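A.B. asks: Have a look at the structure that comes next, please.
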Amino acid sequence: MPREFRLPELAESVVEGEIVRWLVAEGEQVQQDQPVVEVMTDKVTVELPSPYAGVLEKQLAAEGDVVPVHEPIALFADAAGAGAQAAGAPAVEAGAEPSVQAQEERSIVEPGGAAEEDDGSSLTLFRPGPEEEEGATFQVRPGGTPRPGAGARAGGGAAVAAPPPKAAPAARGPYGRVLAVPAARKLARELDIDIEQVEGSGPNGRIRVDDVRAHAEGGTGAAAPARQPARYVSPEGYGELEERIPLRGLRRIISNQMLASHLQTVRTLHVDEADVSGLVALRRRLKPVAEARGVKLSYLPFIMKAVVAALQEFPQLNASLDEESGEIVRKHYYNLGMAVATEAGLTVPVVKDVDRRTILEVAAEVQRLAVAARDGKLIQDDVRGGTFSITNIGSLGGLFSFPIINVPEAAILGVHSIKRRPVVLEDDSIVARDMLYLSLSFDHRLVDGAEGAMFTSRIIELLETPEAMMLDL
């Protein structure tokens with residue numbers, strides 16, 4: 001009798017995964033613990049090993065399919081004398097890190113391979129590598145060899161489309177509450193609906209907004225979505241000149257995360273500028289010291305230390321809103337996400353415990369994570385646990401931006417180009433100074449406008465007096 005291989009829970013809060021690539025074709029003999037499929041979650045991409053020794057009889061999900069956890073993705077047939085595990089056993093332990101071969105450190109380079117210019121106007125380490133390098137989609141695999149995105153199925157095995165998910169009764173979390181997305185819970189309150197009576201159609205029976213709407217319209221269970229997705233229609237005569245690319249992989253995850261940020265936060269923007277002439281001079285003096293220790297010193301570690309000091313004074317910006325329990329969660333640890341632009345898309349690795357690290361230790365970790373993101377070597381622990389994020393887009397141009405909050409965080413700081421601009425001093429003299437725009441985007445449900453402004457002003461104060469900042473950090 002065939003045995004099912006079910007998608008395991010790969011990390012906390014992960015409820016689904018996308019089948020990126022089958023590594024074994026249908027009918028092919030496999031060994032227990034042999035990697036058989038690559039799966040991408042909203043955290044990382046992992047290779048799942050086979051829980052059985054035998055033959056991969058059928059692939060139940062095609063490349064590009066999104067599958068809820070605990071759903072079967074393949075069937076295995078016994079091989080003679082093969083020792084098998086019980087059906088549905090987890091393929092990997094949640095959070096386990098596969099071995100990765102040690103790699104020689106290499107410096108971050110500009111697109112095209114040119115070394116970073118050190119003129120003070122280039123603020124970011126996070127740029128795509130040379131075009132000839134493989135894409136930087138998150139990959140976690142034994143040996144650490146990156147693979148490009150989803151391609152042809154190994155061995156030419158035919159894909160078997162997974163059946164559409166069936167509506168399931170609302171499931172409950174570890175504390176007995178019904179599983180529901182925050183927007184669905186909010187809509188149920190607004191419509192005076194008992195969410196206990198709503199049937200969920202999401203992964204693990206999670207209640208979605210459309211389930212609440214269907215219930216409000218008289219349905220007793222999950223129904224077809226009340227709002228159909230927008231459909232693009234090609235202009236007459238131009239269809240052959242258009243290219244259609246499936247929304248898959250990292251781009252799909254980015255799309256979902258941006259939509260969640262739009263639906264689950266009330267974004268507000270505050271913009272200010274800092275005179276960082278002193279910081280530019282300080283970094284110039286410290287660069288040789290850092291290089292002698294093998295560390296590339298950018299401006300970002302200084303900015304991170306200033307952000308942490310400000311967060312300690314304004315803890316509401318280092319918080320999240322738990323809508324389900326009606327509680328504000330203030331975090332007394334400081335893990336800063338840093339937006340990294342790769343050829344595959346935007347990723348946000350996290351520098352942990354910034355408050356406990358020195359400037360050089362932060363710089364070394366920034367360098368490690370930037371290289372890992374570019375080379376597709378991030379592991380699950382590299383991309384989770386963030387409390388506040390920084391997006392560093394100075395080298396890409398523009399005056400300032402409106403950064404998208406990385407939910408469930410309360411705020412994100414946009415850092416822009418350091419440019420020399422004329423500044424009028426108190427004695428009315430006009431001098432050229434190194435100026436930096438900062439854009440703070442915050443969730444107005446958690447942070448008041450005055451608090452956001454004072455938080456940004458504190459960061460500016462620290463950046464404008466970097467020597468004093470280093471005495472306290």
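We label chains A, B, ... in the order they appear in the structure tokens, count residues from 1 in each chain, and number ligands from 1 in the order shown.
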Neighbouring residues of A:Glu323 were defined as those with any atom within 10 Å, considering only C-alpha atoms; residues of the same chain fewer than 4 positions away were excluded. Please report them as a ChimeraX atom specification.

C.D. replies: /A:181-183,185-186,264,327-328

A.B. asks: Selected residues, C-alpha atoms, written as a PDB file, in the first residue's frame, please.

C.D. replies:
```pdb
ATOM      1  CA  VAL A 181      -6.210  35.942  10.263  1.00  0.00           C
ATOM      2  CA  PRO A 182      -6.368  39.318  12.086  1.00  0.00           C
ATOM      3  CA  ALA A 183      -8.331  40.975   9.279  1.00  0.00           C
ATOM      4  CA  ARG A 185     -11.276  38.598  13.233  1.00  0.00           C
ATOM      5  CA  LYS A 186     -11.649  42.368  12.875  1.00  0.00           C
ATOM      6  CA  GLN A 264      -2.867  44.907   8.746  1.00  0.00           C
ATOM      7  CA  GLU A 327      -2.483  43.078  23.643  1.00  0.00           C
ATOM      8  CA  ILE A 328       0.510  45.232  22.711  1.00  0.00           C
TER       9      ILE A 328
END
```

A.B. asks: Just to confirm, what's the straight-line distance from atom CA of A:Pro403 to atom CA of A:Gly345 in Å (one decimal)?

C.D. replies: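 A separation of 15.7 Å between them.
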
A.B. asks: At a cut-off of 12 Å, using only C-alpha atoms, what residues contact A:Ser234? Leave out same-chain residues fewer than 5 positions from it and give the result as a list in words.

C.D. replies: Gly239, Glu240, Leu241, Glu242, Glu243 and Arg244 of chain A

A.B. asks: At what distance in Å, to one decimal, does atom CA of A:Glu26 lie from atom CA of A:Leu56?

C.D. replies: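 Calculated distance between atom CA of A:Leu56 and atom CA of A:Glu26 is 5.3 Å.
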
A.B. asks: What's around A:Thr391 at 6 Å? Count only C-alpha atoms, leave out sequence neighbours fewer than 3 positions away in its own chain, and write the answer as a PDB file with all heavy atoms, in the first residue's frame.

C.D. replies:
```
ATOM      1  N   MET A 338      17.368  43.921   8.104  1.00  0.00           N
ATOM      2  CA  MET A 338      17.976  44.820   7.116  1.00  0.00           C
ATOM      3  C   MET A 338      17.556  44.347   5.728  1.00  0.00           C
ATOM      4  O   MET A 338      17.745  43.194   5.356  1.00  0.00           O
ATOM      5  CB  MET A 338      19.502  44.837   7.249  1.00  0.00           C
ATOM      6  CG  MET A 338      20.178  43.499   7.104  1.00  0.00           C
ATOM      7  SD  MET A 338      21.967  43.635   7.329  1.00  0.00           S
ATOM      8  CE  MET A 338      22.510  42.098   6.573  1.00  0.00           C
ATOM      9  N   ALA A 339      16.939  45.237   4.987  1.00  0.00           N
ATOM     10  CA  ALA A 339      16.458  44.896   3.654  1.00  0.00           C
ATOM     11  C   ALA A 339      17.640  44.702   2.722  1.00  0.00           C
ATOM     12  O   ALA A 339      18.515  45.552   2.621  1.00  0.00           O
ATOM     13  CB  ALA A 339      15.543  45.999   3.130  1.00  0.00           C
ATOM     14  N   GLY A 414      13.692  54.106   6.724  1.00  0.00           N
ATOM     15  CA  GLY A 414      14.328  54.206   5.421  1.00  0.00           C
ATOM     16  C   GLY A 414      15.539  55.121   5.499  1.00  0.00           C
ATOM     17  O   GLY A 414      15.437  56.247   5.976  1.00  0.00           O
TER      18      GLY A 414
END
```

A.B. asks: Quick one: residues within 8 Å of A:Ser457, only C-alpha atoms, excluding same-chain residues fewer than 4 positions away - as a short mmCIF file (atom, residue, chain, number, x, y, z; two decimals) with all heavy atoms, in the first residue's frame?

C.D. replies:
```
data_model
loop_
_atom_site.label_atom_id
_atom_site.label_comp_id
_atom_site.auth_asym_id
_atom_site.auth_seq_id
_atom_site.Cartn_x
_atom_site.Cartn_y
_atom_site.Cartn_z
N ASP A 272 12.77 63.31 8.02
CA ASP A 272 13.64 64.32 8.60
C ASP A 272 15.04 64.14 8.00
O ASP A 272 15.28 63.20 7.24
CB ASP A 272 13.68 64.20 10.12
CG ASP A 272 13.92 65.53 10.81
OD1 ASP A 272 14.56 66.42 10.18
OD2 ASP A 272 13.50 65.70 11.97
N ALA A 453 8.02 61.28 15.65
CA ALA A 453 8.90 62.41 15.39
C ALA A 453 10.03 62.49 16.42
O ALA A 453 11.20 62.74 16.08
CB ALA A 453 8.10 63.71 15.38
N GLU A 461 20.02 63.00 16.59
CA GLU A 461 20.92 63.52 17.61
C GLU A 461 22.13 62.60 17.80
O GLU A 461 23.28 63.05 17.91
CB GLU A 461 20.16 63.69 18.92
CG GLU A 461 21.01 64.21 20.07
CD GLU A 461 20.23 64.29 21.36
OE1 GLU A 461 19.01 64.06 21.33
OE2 GLU A 461 20.85 64.56 22.41
#
```

A.B. asks: Please provide as a ChimeraX atom specification all residues within 8 Å of stretch 425-438 of chain A, with the sequence filter that same-chain residues fewer than 3 positions apart are discarded (counting only C-alpha atoms).

C.D. replies: /A:271-277,280,399-400,413-422,456

A.B. asks: Could you list, as an MDAnalysis selection string, every residue within 8 Å of A:Val447, counting only C-alpha atoms and ignoring same-chain residues fewer than 6 positions away?

C.D. replies: chainID A and resid 316:317 410

A.B. asks: Just C-alpha atoms for this one: save the residues we selected as a PDB file, in the first residue's frame.

C.D. replies:
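The resulting part.pdb:
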```
ATOM      1  CA  GLN A 316       6.475  51.446  21.541  1.00  0.00           C
ATOM      2  CA  LEU A 317       8.378  51.360  18.239  1.00  0.00           C
ATOM      3  CA  ALA A 410       5.537  48.503  14.362  1.00  0.00           C
TER       4      ALA A 410
END
```

A.B. asks: Enumerate the residues of stretch 340-405 of chain A with a DSSP assignment of alpha helix (DSSP H), computed from the backbone, and present them as JSON, numbers by chain.

C.D. replies: {"A": [359, 360, 361, 362, 363, 364, 365, 366, 367, 368, 369, 370, 371, 372, 373, 374, 375]}

A.B. asks: For A:Gly385, which residue among A:Thr342, A:Thr465, A:Asn335, A:Ser320 is the nearest when counting only C-alpha atoms?

C.D. replies: A:Asn335

A.B. asks: With a cut-off of 8 Å, could you pull out the residues of stretch 202-288 of chain A touching stretch 292-310 of chain A and give me the nearest pair of atoms for each, distance in Å to one decimal, using only C-alpha atoms, ordered by chain and ascending number, as CSV?

C.D. replies:
```
residue,atom,partner,partner_atom,distance
A:Arg283,CA,A:Tyr299,CA,7.3
A:Leu286,CA,A:Leu297,CA,8.0
A:Lys287,CA,A:Leu297,CA,5.9
A:Pro288,CA,A:Ala292,CA,6.1
```

A.B. asks: Filtering to N, CA, C and O atoms, could you give me those residues as a PDB file, in the first residue's frame?

C.D. replies:
```pdb
ATOM      1  N   ARG A 283      33.887  57.469  10.480  1.00  0.00           N
ATOM      2  CA  ARG A 283      34.017  56.218   9.730  1.00  0.00           C
ATOM      3  C   ARG A 283      35.309  56.196   8.930  1.00  0.00           C
ATOM      4  O   ARG A 283      35.976  55.149   8.835  1.00  0.00           O
ATOM      5  N   LEU A 286      38.018  55.170  11.233  1.00  0.00           N
ATOM      6  CA  LEU A 286      37.929  53.807  11.769  1.00  0.00           C
ATOM      7  C   LEU A 286      38.033  52.722  10.706  1.00  0.00           C
ATOM      8  O   LEU A 286      38.275  51.552  11.035  1.00  0.00           O
ATOM      9  N   LYS A 287      37.858  53.080   9.440  1.00  0.00           N
ATOM     10  CA  LYS A 287      37.883  52.068   8.376  1.00  0.00           C
ATOM     11  C   LYS A 287      39.160  51.237   8.373  1.00  0.00           C
ATOM     12  O   LYS A 287      39.103  49.996   8.298  1.00  0.00           O
ATOM     13  N   PRO A 288      40.354  51.860   8.443  1.00  0.00           N
ATOM     14  CA  PRO A 288      41.578  51.042   8.435  1.00  0.00           C
ATOM     15  C   PRO A 288      41.653  50.094   9.623  1.00  0.00           C
ATOM     16  O   PRO A 288      42.151  48.974   9.493  1.00  0.00           O
TER      17      PRO A 288
END
```

A.B. asks: Name the residues of stretch 197-388 of chain A that come out as strand (DSSP E or B) in a backbone DSSP run; write them as a VMD selection string.

C.D. replies: chain A and resid 200 207 267 to 275 319 to 322 327 to 330 336 to 338 340 to 342 345 to 347 350 to 351 388

A.B. asks: Store the residues of this selection in a file with N, CA, C and O atoms, as a short mmCIF file (atom, residue, chain, number, x, y, z; two decimals), in the first residue's frame.

C.D. replies:
```cif
data_model
loop_
_atom_site.label_atom_id
_atom_site.label_comp_id
_atom_site.auth_asym_id
_atom_site.auth_seq_id
_atom_site.Cartn_x
_atom_site.Cartn_y
_atom_site.Cartn_z
N GLY A 200 -13.65 27.82 8.37
CA GLY A 200 -12.46 28.33 7.70
C GLY A 200 -12.05 27.49 6.50
O GLY A 200 -12.17 26.27 6.51
N ILE A 207 -9.46 30.74 9.47
CA ILE A 207 -10.54 31.54 8.92
C ILE A 207 -9.97 32.74 8.18
O ILE A 207 -9.13 33.48 8.71
N ARG A 267 -0.39 52.81 8.08
CA ARG A 267 0.94 53.38 7.85
C ARG A 267 0.92 54.91 7.84
O ARG A 267 0.04 55.54 7.26
N THR A 268 1.93 55.47 8.49
CA THR A 268 2.12 56.91 8.52
C THR A 268 3.60 57.19 8.28
O THR A 268 4.45 56.42 8.72
N LEU A 269 3.90 58.29 7.59
CA LEU A 269 5.28 58.59 7.21
C LEU A 269 5.76 59.86 7.90
O LEU A 269 5.04 60.86 7.96
N HIS A 270 6.99 59.80 8.42
CA HIS A 270 7.65 60.98 8.98
C HIS A 270 9.04 61.06 8.36
O HIS A 270 9.79 60.08 8.37
N VAL A 271 9.41 62.22 7.82
CA VAL A 271 10.69 62.41 7.14
C VAL A 271 11.47 63.53 7.82
O VAL A 271 10.92 64.58 8.17
N ASP A 272 12.77 63.31 8.02
CA ASP A 272 13.64 64.32 8.60
C ASP A 272 15.04 64.14 8.00
O ASP A 272 15.28 63.20 7.24
N GLU A 273 15.96 65.05 8.34
CA GLU A 273 17.31 64.94 7.81
C GLU A 273 18.32 65.14 8.93
O GLU A 273 18.05 65.79 9.95
N ALA A 274 19.50 64.56 8.73
CA ALA A 274 20.57 64.64 9.72
C ALA A 274 21.84 65.15 9.05
O ALA A 274 22.14 64.79 7.91
N ASP A 275 22.59 65.95 9.77
CA ASP A 275 23.91 66.40 9.34
C ASP A 275 24.90 65.36 9.87
O ASP A 275 25.23 65.34 11.06
N ALA A 319 7.61 47.18 19.18
CA ALA A 319 6.46 46.41 19.66
C ALA A 319 5.69 45.83 18.48
O ALA A 319 5.94 46.15 17.32
N SER A 320 4.74 44.97 18.81
CA SER A 320 3.80 44.41 17.85
C SER A 320 2.42 44.40 18.49
O SER A 320 2.29 44.44 19.72
N LEU A 321 1.39 44.33 17.64
CA LEU A 321 0.02 44.28 18.13
C LEU A 321 -0.53 42.87 17.94
O LEU A 321 -0.58 42.36 16.82
N ASP A 322 -0.90 42.23 19.05
CA ASP A 322 -1.55 40.93 19.00
C ASP A 322 -3.05 41.18 18.98
O ASP A 322 -3.68 41.37 20.03
N GLU A 327 -3.63 42.66 22.84
CA GLU A 327 -2.48 43.08 23.64
C GLU A 327 -1.39 43.69 22.77
O GLU A 327 -1.19 43.28 21.63
N ILE A 328 -0.70 44.68 23.33
CA ILE A 328 0.51 45.23 22.71
C ILE A 328 1.70 44.48 23.28
O ILE A 328 1.86 44.37 24.50
N VAL A 329 2.53 43.94 22.41
CA VAL A 329 3.68 43.13 22.83
C VAL A 329 4.94 43.98 22.69
O VAL A 329 5.43 44.20 21.58
N ARG A 330 5.44 44.49 23.81
CA ARG A 330 6.70 45.23 23.80
C ARG A 330 7.86 44.26 23.96
O ARG A 330 7.86 43.41 24.84
N LEU A 336 17.41 43.62 14.58
CA LEU A 336 17.11 44.56 13.50
C LEU A 336 17.19 43.87 12.14
O LEU A 336 18.25 43.35 11.74
N GLY A 337 16.06 43.89 11.41
CA GLY A 337 16.05 43.39 10.04
C GLY A 337 16.66 44.41 9.11
O GLY A 337 16.53 45.61 9.30
N MET A 338 17.37 43.92 8.10
CA MET A 338 17.98 44.82 7.12
C MET A 338 17.56 44.35 5.73
O MET A 338 17.75 43.19 5.36
N VAL A 340 17.66 43.55 2.04
CA VAL A 340 18.76 43.20 1.15
C VAL A 340 18.20 42.98 -0.25
O VAL A 340 17.36 42.11 -0.46
N ALA A 341 18.66 43.75 -1.21
CA ALA A 341 18.23 43.59 -2.59
C ALA A 341 19.10 42.54 -3.26
O ALA A 341 20.32 42.67 -3.34
N THR A 342 18.48 41.45 -3.72
CA THR A 342 19.19 40.41 -4.46
C THR A 342 18.57 40.29 -5.84
O THR A 342 17.52 40.88 -6.13
N GLY A 345 15.06 39.06 -5.60
CA GLY A 345 14.06 39.89 -4.93
C GLY A 345 14.56 40.35 -3.58
O GLY A 345 15.70 40.09 -3.18
N LEU A 346 13.68 41.01 -2.86
CA LEU A 346 14.04 41.59 -1.56
C LEU A 346 13.95 40.55 -0.46
O LEU A 346 12.98 39.81 -0.36
N THR A 347 14.98 40.49 0.38
CA THR A 347 14.97 39.64 1.55
C THR A 347 15.32 40.48 2.78
O THR A 347 15.89 41.56 2.65
N VAL A 350 18.14 39.18 9.61
CA VAL A 350 18.02 39.86 10.89
C VAL A 350 19.35 39.80 11.66
O VAL A 350 19.90 38.72 11.86
N VAL A 351 19.83 40.97 12.09
CA VAL A 351 21.00 41.05 12.97
C VAL A 351 20.49 40.95 14.40
O VAL A 351 19.78 41.84 14.88
N PHE A 388 12.41 45.27 14.50
CA PHE A 388 12.38 46.58 13.82
C PHE A 388 13.25 46.41 12.58
O PHE A 388 14.22 45.65 12.61
#
```

A.B. asks: For the interface of stretch 36-69 of chain A with stretch 1-25 of chain A (cut-off 7 Å, counting only C-alpha atoms), please tabulate each contacting residue of stretch 36-69 of chain A alongside its nearest pair of atoms and their separation in Å to one decimal, rows sorted by chain and increasing number, as CSV.

C.D. replies:
```
residue,atom,partner,partner_atom,distance
A:Val36,CA,A:Leu23,CA,4.8
A:Val37,CA,A:Trp22,CA,4.4
A:Glu38,CA,A:Arg21,CA,5.2
A:Val39,CA,A:Ile19,CA,4.7
A:Met40,CA,A:Glu18,CA,5.0
A:Thr41,CA,A:Gly17,CA,4.6
A:Ala62,CA,A:Ile19,CA,6.8
A:Glu63,CA,A:Ile19,CA,4.9
A:Gly64,CA,A:Ile19,CA,5.3
A:Asp65,CA,A:Ile19,CA,5.6
A:Val66,CA,A:Glu18,CA,4.2
A:Val67,CA,A:Glu16,CA,5.4
A:Pro68,CA,A:Glu16,CA,4.1
A:Val69,CA,A:Leu7,CA,5.0
```

A.B. asks: Write the residues you've just listed into a file as a tab-separated table (two decimals), in the first residue's frame, and include N, CA and C atoms for each of them.

C.D. replies:
```
chain	number	residue	atom	x	y	z
A	36	VAL	N	14.41	14.92	-1.75
A	36	VAL	CA	13.50	14.61	-2.86
A	36	VAL	C	12.79	15.82	-3.42
A	37	VAL	N	12.68	16.92	-2.64
A	37	VAL	CA	11.92	18.07	-3.12
A	37	VAL	C	12.40	19.34	-2.43
A	38	GLU	N	12.39	20.44	-3.16
A	38	GLU	CA	12.67	21.76	-2.58
A	38	GLU	C	11.35	22.46	-2.33
A	39	VAL	N	11.21	23.03	-1.14
A	39	VAL	CA	9.99	23.73	-0.75
A	39	VAL	C	10.35	25.11	-0.23
A	40	MET	N	9.66	26.12	-0.70
A	40	MET	CA	9.87	27.49	-0.24
A	40	MET	C	8.74	27.91	0.67
A	41	THR	N	9.10	28.44	1.84
A	41	THR	CA	8.13	29.03	2.75
A	41	THR	C	8.37	30.53	2.80
A	62	ALA	N	2.48	19.74	-8.02
A	62	ALA	CA	3.37	20.14	-9.11
A	62	ALA	C	4.25	21.30	-8.68
A	63	GLU	N	5.34	21.50	-9.40
A	63	GLU	CA	6.20	22.65	-9.14
A	63	GLU	C	5.40	23.93	-9.32
A	64	GLY	N	5.49	24.80	-8.32
A	64	GLY	CA	4.71	26.04	-8.33
A	64	GLY	C	3.44	25.96	-7.49
A	65	ASP	N	3.02	24.75	-7.13
A	65	ASP	CA	1.83	24.61	-6.28
A	65	ASP	C	2.14	25.06	-4.86
A	66	VAL	N	1.17	25.69	-4.21
A	66	VAL	CA	1.27	26.07	-2.80
A	66	VAL	C	0.44	25.08	-1.99
A	67	VAL	N	1.07	24.41	-1.04
A	67	VAL	CA	0.46	23.30	-0.32
A	67	VAL	C	0.41	23.62	1.18
A	68	PRO	N	-0.73	23.44	1.85
A	68	PRO	CA	-0.78	23.62	3.31
A	68	PRO	C	0.06	22.56	4.02
A	69	VAL	N	0.58	22.91	5.19
A	69	VAL	CA	1.33	21.93	5.96
A	69	VAL	C	0.40	20.77	6.33
```

A.B. asks: Work out how far apart atom CA of A:Arg285 and atom CA of A:Thr358 are and give it in Å to one decimal.

C.D. replies: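 So the answer is 16.8 Å.
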
A.B. asks: Return the single residue from A:Gln312, A:Ser389, A:Gln31, A:Asn406 that is closest to A:Tyr333, with distances computed using only C-alpha atoms.

C.D. replies: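 With only C-alpha atoms as the atom set, the closest residue is A:Gln312.
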